[in-house]
Amino acid sequence: MEAKSKRVLTTCVYCGTGCNLYLHVEDGKIVGATPCDSHPVSQGKLCIKGWKIHEFIQRPDRLTKPLIKKDGKFVEASWDEALDLVATKFKETKEKYGPKALGCLSSAKCTNEENYVMQKFARAVLNTNSVDHCARLCHASTVAGLAASFGSGAMTNSIDELLDSKAILVTGSNTTEQHPIIGGKILRAKEKGAKLIVVDPREIQLAKFADVHLRQLSGTDVLWLNSFMYVIFEEGLEDKEFIKNHLDPEAFEEMKKVVTSDKYSPENTEKLTSIPAEDLRKAAIMFAKNKTGSLVYSMGITQHIQGTDNVKSCANLQMILGNMGVYGGGVNPLRGQQNVQGACDLGALSNVFSGYQKVVDPAAREKMAKAWGINVEDMDNKVGYTVVEMIHAAGDGKVKALYIMGENPMVSDPDINHVKECLEKPFLVVQDIFMTPTAELADVVLPAASFAEKDGAYTSTQRTVSKIRKAIEPVGDSKPDYWIIGQIAERMGYKGCTYSHPKEILDEINKLTPIYGGITWDRIDSDEFPFGIAWPCPNTSHGGTMFLHKDGNFSRGKGKCHPCEYVPPAEEPDEEYPFRLTTGRVAFHWHTGSMTRRSPTLDREVRSAYIELNPADANKLGVRKNQMVKVSSRRGEIFVRAEVSDIVPPGTVFIPWHFKEAPANKLTIAALDPVAKIPDLKVCAVKIEKVK
Ligand code: SF4
């Protein structure tokens, strides 16, 4: 008989840090969460979201039954009825319009195994590569930029190495709020003597502790990064040995020619970046002279139309300083959602199978088709639609049926008014744990089990694959995502997506995904690896990889520099829309707020959306603290409370995007980075009016 009271070790469902915690269960109810002292990253600590993780799981408004929309209203249905309807519609759509008319959004909130099954379903059953997920909105440029530079698109070093870095350059990451446990480690490194350089338009908490804080105008990152390198070459501070031995010489010379041109001198970039030349010189020299230095970034770097070039420029900087392939160095993108790394690794991207094996590579298709028992000729041989493209294609009538698992584009995607118009057109299936604004638009809603109700694994930002464990039975009639996908596939005539337990899925992943080859179900639960293994781990004799590109041996061979010229944002302030809007998150909420806003403790801290407005701008507008203002862009308007604060510089405003009743993404622009197809969520032009 099951114990009435127990605690279950699992991995946090919010950010990519991957803290382990115990869920406390009493009589089938989750009553609390406590940290795990022996976990190597969290070491007995959690942030407030982790401590309060239990508060949303068994909320009374969990989705507990399948729902079918009839005459504009949701009606409860049996699983058979709902699954039959979905399978029939998908089948009809494929037969009538072809595979390109179907698309799937997978989820960084789901497990590795579920993401693997979703992309397998898209490719083997629907025969489309149009499967993508929210990494496209946060770190697609990381995957593209770092893969082009190093041959691998992930965080190069591990979190705890920060404690021994001699210099840490943090840019576009509000680390103490978004990855608080990692933020704490950066502060400990600072206490131990590391130099801390923060490059961020806002005066974030870390900036208060920095040796230098540079406040660039959002969207000018290539400028200041090139300017950093200009100074490093001017001062002769580049690592000549590393460059000679480990970098592609032609690519290096091409890049050097660009960054040393006059236009990137600190004096010449000052006007566009708003960074004083003298401060930039000081920061560049400080970072170059204190080796080994680590570069940490997040979405302030990636979410731009120049996101891939921003990432490549970060890679250029770390390569010329010889900060690659060494303990305490590296280019370290902090991944947002707890399993966005895993969802990418397992192929929930429109261009790659699991392990970043390219869909356009005939050998990779052949391998998958054989393993999946399908005809290779039936597979899509082109890159599919990405998130934004897929939604726009639905609006254009090209995508006729859309299957969304655990994503909430009605809050997360740019230009929400347009997203709504698009999502109203196709046959829409949404699988989630709560009725989100996206689920409200669906034809069929399928109730999924939460992370506390199933087994599986997540991959943290430092590439460590660790377990989540079932603590309670699924709420109501909800089911694990992999089960639901398998049932739809079976009804469409394919049994290869049916598994009785996630272990079977991971067994298949091990066989087909070289970087996960040795990350088996039993090993990541063993005494040897109680908290998981970091990829690449090619076989079961391998202990995993703490940092990549050891001794300058890059995954692609020689490291490749890229010449990146500055391109301005897609939309900048003008007379009509005079403010530069940048968006982000707050410490108490997570992404679209579907979980944290259901946690009473977290919701109490920040209940509604607000706009940070510099006092000088507030004065000019005659706006006082807490006054409601209308914020509008060329795409929409929202009403928010004013937070008058010099956290933002004059001319720049900031709105957190968690709040569905005032979604910042009604204002943002769907302009895309041409390589990674990531939208420019960090810069658009808005105007602000007082509300009477
Ligand atoms: Fe969870 Fe991230 Fe907080 Fe750790 S730092 S408890 S993983 S939200």
# chains A, B, ... in the order shown; residues from 1 in each chain; ligands from 1

$ residues_near_ligand --ligand "ligand 1" --cutoff "6 Å" --atoms "only C-alpha atoms and all ligand atoms" --output "number ranges by chain"
A: 12, 14-19, 46-47, 49-50, 179-181

$ write_last_selection --atoms "N, CA and C atoms" --output "PDB file, in the first residue's frame"
ATOM      1  N   CYS A  12      12.950  20.912 -10.726  1.00  0.00           N
ATOM      2  CA  CYS A  12      12.064  22.078 -10.775  1.00  0.00           C
ATOM      3  C   CYS A  12      11.538  22.304 -12.197  1.00  0.00           C
ATOM      4  N   TYR A  14      10.416  25.196 -13.448  1.00  0.00           N
ATOM      5  CA  TYR A  14      10.476  26.565 -13.981  1.00  0.00           C
ATOM      6  C   TYR A  14      11.707  26.820 -14.843  1.00  0.00           C
ATOM      7  N   CYS A  15      12.834  27.223 -14.253  1.00  0.00           N
ATOM      8  CA  CYS A  15      13.919  27.690 -15.132  1.00  0.00           C
ATOM      9  C   CYS A  15      14.944  26.600 -15.439  1.00  0.00           C
ATOM     10  N   GLY A  16      15.834  26.911 -16.361  1.00  0.00           N
ATOM     11  CA  GLY A  16      16.797  25.935 -16.848  1.00  0.00           C
ATOM     12  C   GLY A  16      17.941  25.613 -15.904  1.00  0.00           C
ATOM     13  N   THR A  17      17.947  26.214 -14.714  1.00  0.00           N
ATOM     14  CA  THR A  17      19.025  25.918 -13.763  1.00  0.00           C
ATOM     15  C   THR A  17      19.016  24.440 -13.383  1.00  0.00           C
ATOM     16  N   GLY A  18      17.803  23.874 -13.303  1.00  0.00           N
ATOM     17  CA  GLY A  18      17.697  22.445 -13.025  1.00  0.00           C
ATOM     18  C   GLY A  18      17.823  22.079 -11.567  1.00  0.00           C
ATOM     19  N   CYS A  19      17.428  22.988 -10.654  1.00  0.00           N
ATOM     20  CA  CYS A  19      17.486  22.659  -9.221  1.00  0.00           C
ATOM     21  C   CYS A  19      16.652  21.414  -8.947  1.00  0.00           C
ATOM     22  N   LEU A  46      16.741  27.050  -3.035  1.00  0.00           N
ATOM     23  CA  LEU A  46      15.761  27.205  -4.113  1.00  0.00           C
ATOM     24  C   LEU A  46      15.411  28.676  -4.184  1.00  0.00           C
ATOM     25  N   CYS A  47      14.940  29.117  -5.330  1.00  0.00           N
ATOM     26  CA  CYS A  47      14.398  30.477  -5.357  1.00  0.00           C
ATOM     27  C   CYS A  47      12.933  30.398  -4.941  1.00  0.00           C
ATOM     28  N   LYS A  49      10.241  30.686  -6.512  1.00  0.00           N
ATOM     29  CA  LYS A  49       9.355  29.880  -7.371  1.00  0.00           C
ATOM     30  C   LYS A  49       9.489  28.397  -7.023  1.00  0.00           C
ATOM     31  N   GLY A  50      10.714  27.975  -6.736  1.00  0.00           N
ATOM     32  CA  GLY A  50      10.919  26.575  -6.362  1.00  0.00           C
ATOM     33  C   GLY A  50      10.253  26.240  -5.035  1.00  0.00           C
ATOM     34  N   HIS A 179      17.363  33.534 -13.108  1.00  0.00           N
ATOM     35  CA  HIS A 179      18.061  32.284 -12.756  1.00  0.00           C
ATOM     36  C   HIS A 179      18.713  32.555 -11.396  1.00  0.00           C
ATOM     37  N   PRO A 180      17.884  32.729 -10.351  1.00  0.00           N
ATOM     38  CA  PRO A 180      18.416  33.237  -9.081  1.00  0.00           C
ATOM     39  C   PRO A 180      19.555  32.405  -8.488  1.00  0.00           C
ATOM     40  N   ILE A 181      19.497  31.101  -8.662  1.00  0.00           N
ATOM     41  CA  ILE A 181      20.558  30.270  -8.072  1.00  0.00           C
ATOM     42  C   ILE A 181      21.879  30.535  -8.805  1.00  0.00           C
TER      43      ILE A 181
END

$ residues_around --residues "A:Ile669" --least-positions-apart "6" --cutoff "9 Å" --atoms "only C-alpha atoms" --output "MDAnalysis selection string"
chainID A and resid 414:415 570:571 633:635 679:681 683:684

$ write_last_selection --atoms "N, CA, C and O atoms" --output "mmCIF file, in the first residue's frame"
data_model
loop_
_atom_site.group_PDB
_atom_site.id
_atom_site.type_symbol
_atom_site.label_atom_id
_atom_site.label_comp_id
_atom_site.auth_asym_id
_atom_site.auth_seq_id
_atom_site.Cartn_x
_atom_site.Cartn_y
_atom_site.Cartn_z
ATOM 1 N N PRO A 414 5.020 37.295 -30.596
ATOM 2 C CA PRO A 414 4.910 38.722 -30.924
ATOM 3 C C PRO A 414 3.626 39.022 -31.686
ATOM 4 O O PRO A 414 3.109 38.168 -32.401
ATOM 5 N N ASP A 415 3.138 40.246 -31.508
ATOM 6 C CA ASP A 415 1.967 40.744 -32.243
ATOM 7 C C ASP A 415 0.749 39.838 -32.025
ATOM 8 O O ASP A 415 0.214 39.213 -32.954
ATOM 9 N N ALA A 570 14.442 46.289 -36.305
ATOM 10 C CA ALA A 570 13.418 46.424 -37.352
ATOM 11 C C ALA A 570 12.588 47.687 -37.161
ATOM 12 O O ALA A 570 12.089 48.270 -38.116
ATOM 13 N N GLU A 571 12.428 48.103 -35.917
ATOM 14 C CA GLU A 571 11.613 49.298 -35.658
ATOM 15 C C GLU A 571 12.271 50.080 -34.525
ATOM 16 O O GLU A 571 12.576 49.513 -33.478
ATOM 17 N N SER A 633 1.516 50.517 -29.769
ATOM 18 C CA SER A 633 2.487 50.418 -30.864
ATOM 19 C C SER A 633 1.678 50.353 -32.158
ATOM 20 O O SER A 633 0.451 50.452 -32.127
ATOM 21 N N ARG A 634 2.339 50.157 -33.260
ATOM 22 C CA ARG A 634 1.622 50.060 -34.531
ATOM 23 C C ARG A 634 0.755 48.808 -34.602
ATOM 24 O O ARG A 634 -0.026 48.639 -35.524
ATOM 25 N N ARG A 635 0.859 47.914 -33.603
ATOM 26 C CA ARG A 635 0.154 46.653 -33.684
ATOM 27 C C ARG A 635 -0.946 46.464 -32.644
ATOM 28 O O ARG A 635 -1.786 45.595 -32.783
ATOM 29 N N PRO A 679 11.985 36.102 -33.253
ATOM 30 C CA PRO A 679 11.450 37.458 -33.407
ATOM 31 C C PRO A 679 12.186 38.495 -32.562
ATOM 32 O O PRO A 679 12.819 38.159 -31.558
ATOM 33 N N ASP A 680 12.050 39.746 -32.985
ATOM 34 C CA ASP A 680 12.695 40.853 -32.274
ATOM 35 C C ASP A 680 11.802 41.260 -31.091
ATOM 36 O O ASP A 680 11.111 42.268 -31.140
ATOM 37 N N LEU A 681 11.846 40.447 -30.018
ATOM 38 C CA LEU A 681 10.967 40.715 -28.871
ATOM 39 C C LEU A 681 11.544 41.768 -27.942
ATOM 40 O O LEU A 681 10.891 42.173 -26.984
ATOM 41 N N VAL A 683 12.982 44.868 -28.939
ATOM 42 C CA VAL A 683 12.930 46.275 -29.366
ATOM 43 C C VAL A 683 11.708 46.518 -30.235
ATOM 44 O O VAL A 683 11.503 45.818 -31.236
ATOM 45 N N CYS A 684 10.892 47.485 -29.830
ATOM 46 C CA CYS A 684 9.913 48.050 -30.761
ATOM 47 C C CYS A 684 9.574 49.450 -30.264
ATOM 48 O O CYS A 684 9.974 49.843 -29.166
#

$ select_by_dssp --residues "stretch 136-202 of chain A" --states "helix (DSSP H, G or I)" --output "VMD selection string"
chain A and resid 136 to 138 140 to 150 159 to 164 175 to 178 180 to 191

$ select_by_dssp --residues "stretch 49-183 of chain A" --states "strand (DSSP E or B)" --output "PyMOL selection string"
chain A and resi 62+67-70+73-76+102-105+131-132+167-171

$ residues_around --residues "A:Thr220" --least-positions-apart "2" --cutoff "10 Å" --atoms "only C-alpha atoms" --output "VMD selection string"
chain A and resid 216 to 218 222 to 225 269 272 to 274 301 304 306 310 566 to 569

$ closest_residue --among "A:Ala616, A:Val359, A:Leu102, A:Val231" --to "A:Pro426" --atoms "only C-alpha atoms"
A:Leu102

$ closest_residue --among "A:Val465, A:Val86, A:Ile320, A:Ile509" --to "A:Arg491" --atoms "only C-alpha atoms"
A:Val86

$ residues_around --residues "A:Gln43" --least-positions-apart "4" --cutoff "10 Å" --atoms "only C-alpha atoms" --output "MDAnalysis selection string"
chainID A and resid 19:20 35:39 181

$ write_last_selection --atoms "C-alpha atoms" --output "PDB file, in the first residue's frame"
ATOM      1  CA  CYS A  19      17.486  22.659  -9.221  1.00  0.00           C
ATOM      2  CA  ASN A  20      16.388  19.431  -7.623  1.00  0.00           C
ATOM      3  CA  PRO A  35      15.389  21.850  -1.454  1.00  0.00           C
ATOM      4  CA  CYS A  36      17.760  18.959  -1.921  1.00  0.00           C
ATOM      5  CA  ASP A  37      20.962  19.574   0.043  1.00  0.00           C
ATOM      6  CA  SER A  38      23.096  17.207  -1.980  1.00  0.00           C
ATOM      7  CA  HIS A  39      22.146  18.469  -5.434  1.00  0.00           C
ATOM      8  CA  ILE A 181      20.558  30.270  -8.072  1.00  0.00           C
TER       9      ILE A 181
END

$ residues_around --residues "A:His589" --least-positions-apart "5" --cutoff "9 Å" --atoms "only C-alpha atoms" --output "list of chain:residue names"
A:Lys49, A:Met595, A:Thr596, A:Arg597, A:Leu602, A:Asp603, A:Val606, A:His658

$ decode --residues "stretch 352-375 of chain A" --atoms "N, CA, C and O atoms" --output "tab-separated table (two decimals), in the first residue's frame"
chain	number	residue	atom	x	y	z
A	352	VAL	N	15.87	19.93	-37.40
A	352	VAL	CA	16.73	18.83	-36.94
A	352	VAL	C	15.95	17.71	-36.25
A	352	VAL	O	14.92	17.94	-35.61
A	353	PHE	N	16.48	16.50	-36.39
A	353	PHE	CA	16.02	15.37	-35.57
A	353	PHE	C	16.72	15.46	-34.22
A	353	PHE	O	17.49	16.41	-33.97
A	354	SER	N	16.53	14.46	-33.38
A	354	SER	CA	17.20	14.46	-32.08
A	354	SER	C	18.72	14.49	-32.29
A	354	SER	O	19.25	13.96	-33.27
A	355	GLY	N	19.39	15.16	-31.34
A	355	GLY	CA	20.85	15.25	-31.42
A	355	GLY	C	21.32	16.13	-32.57
A	355	GLY	O	22.46	16.00	-33.03
A	356	TYR	N	20.47	17.02	-33.03
A	356	TYR	CA	20.82	18.02	-34.06
A	356	TYR	C	21.22	17.39	-35.40
A	356	TYR	O	22.01	17.94	-36.15
A	357	GLN	N	20.68	16.19	-35.66
A	357	GLN	CA	20.91	15.55	-36.96
A	357	GLN	C	19.95	16.22	-37.96
A	357	GLN	O	18.74	16.28	-37.72
A	358	LYS	N	20.51	16.72	-39.03
A	358	LYS	CA	19.74	17.60	-39.92
A	358	LYS	C	18.69	16.84	-40.73
A	358	LYS	O	18.98	15.81	-41.33
A	359	VAL	N	17.51	17.44	-40.82
A	359	VAL	CA	16.43	16.79	-41.59
A	359	VAL	C	16.72	16.81	-43.09
A	359	VAL	O	16.16	16.02	-43.84
A	360	VAL	N	17.59	17.72	-43.51
A	360	VAL	CA	17.91	17.77	-44.95
A	360	VAL	C	19.03	16.77	-45.31
A	360	VAL	O	19.37	16.63	-46.48
A	361	ASP	N	19.57	16.07	-44.33
A	361	ASP	CA	20.62	15.09	-44.59
A	361	ASP	C	19.97	13.73	-44.91
A	361	ASP	O	19.32	13.13	-44.05
A	362	PRO	N	20.14	13.26	-46.15
A	362	PRO	CA	19.48	12.00	-46.53
A	362	PRO	C	19.85	10.83	-45.61
A	362	PRO	O	19.00	9.99	-45.31
A	363	ALA	N	21.11	10.81	-45.14
A	363	ALA	CA	21.53	9.70	-44.27
A	363	ALA	C	20.78	9.74	-42.94
A	363	ALA	O	20.39	8.69	-42.39
A	364	ALA	N	20.55	10.95	-42.41
A	364	ALA	CA	19.80	11.07	-41.15
A	364	ALA	C	18.36	10.62	-41.35
A	364	ALA	O	17.77	9.92	-40.50
A	365	ARG	N	17.76	11.01	-42.48
A	365	ARG	CA	16.37	10.59	-42.75
A	365	ARG	C	16.29	9.08	-42.88
A	365	ARG	O	15.38	8.44	-42.36
A	366	GLU	N	17.26	8.53	-43.59
A	366	GLU	CA	17.30	7.08	-43.78
A	366	GLU	C	17.35	6.36	-42.43
A	366	GLU	O	16.62	5.41	-42.17
A	367	LYS	N	18.23	6.86	-41.57
A	367	LYS	CA	18.42	6.26	-40.24
A	367	LYS	C	17.11	6.29	-39.43
A	367	LYS	O	16.70	5.29	-38.84
A	368	MET	N	16.46	7.46	-39.43
A	368	MET	CA	15.23	7.59	-38.65
A	368	MET	C	14.11	6.73	-39.25
A	368	MET	O	13.38	6.05	-38.53
A	369	ALA	N	13.98	6.77	-40.58
A	369	ALA	CA	12.90	6.02	-41.23
A	369	ALA	C	13.03	4.53	-40.89
A	369	ALA	O	12.04	3.85	-40.58
A	370	LYS	N	14.26	4.03	-40.91
A	370	LYS	CA	14.49	2.61	-40.63
A	370	LYS	C	14.09	2.29	-39.18
A	370	LYS	O	13.38	1.33	-38.91
A	371	ALA	N	14.55	3.16	-38.27
A	371	ALA	CA	14.26	2.91	-36.85
A	371	ALA	C	12.77	3.06	-36.56
A	371	ALA	O	12.24	2.38	-35.68
A	372	TRP	N	12.11	3.94	-37.25
A	372	TRP	CA	10.70	4.21	-36.97
A	372	TRP	C	9.75	3.32	-37.79
A	372	TRP	O	8.53	3.41	-37.66
A	373	GLY	N	10.33	2.51	-38.66
A	373	GLY	CA	9.50	1.60	-39.44
A	373	GLY	C	8.62	2.31	-40.45
A	373	GLY	O	7.47	1.92	-40.66
A	374	ILE	N	9.14	3.35	-41.06
A	374	ILE	CA	8.35	4.06	-42.07
A	374	ILE	C	9.15	4.14	-43.38
A	374	ILE	O	10.36	3.88	-43.39
A	375	ASN	N	8.45	4.51	-44.42
A	375	ASN	CA	9.07	4.63	-45.73
A	375	ASN	C	9.78	5.97	-45.83
A	375	ASN	O	9.17	7.01	-45.63
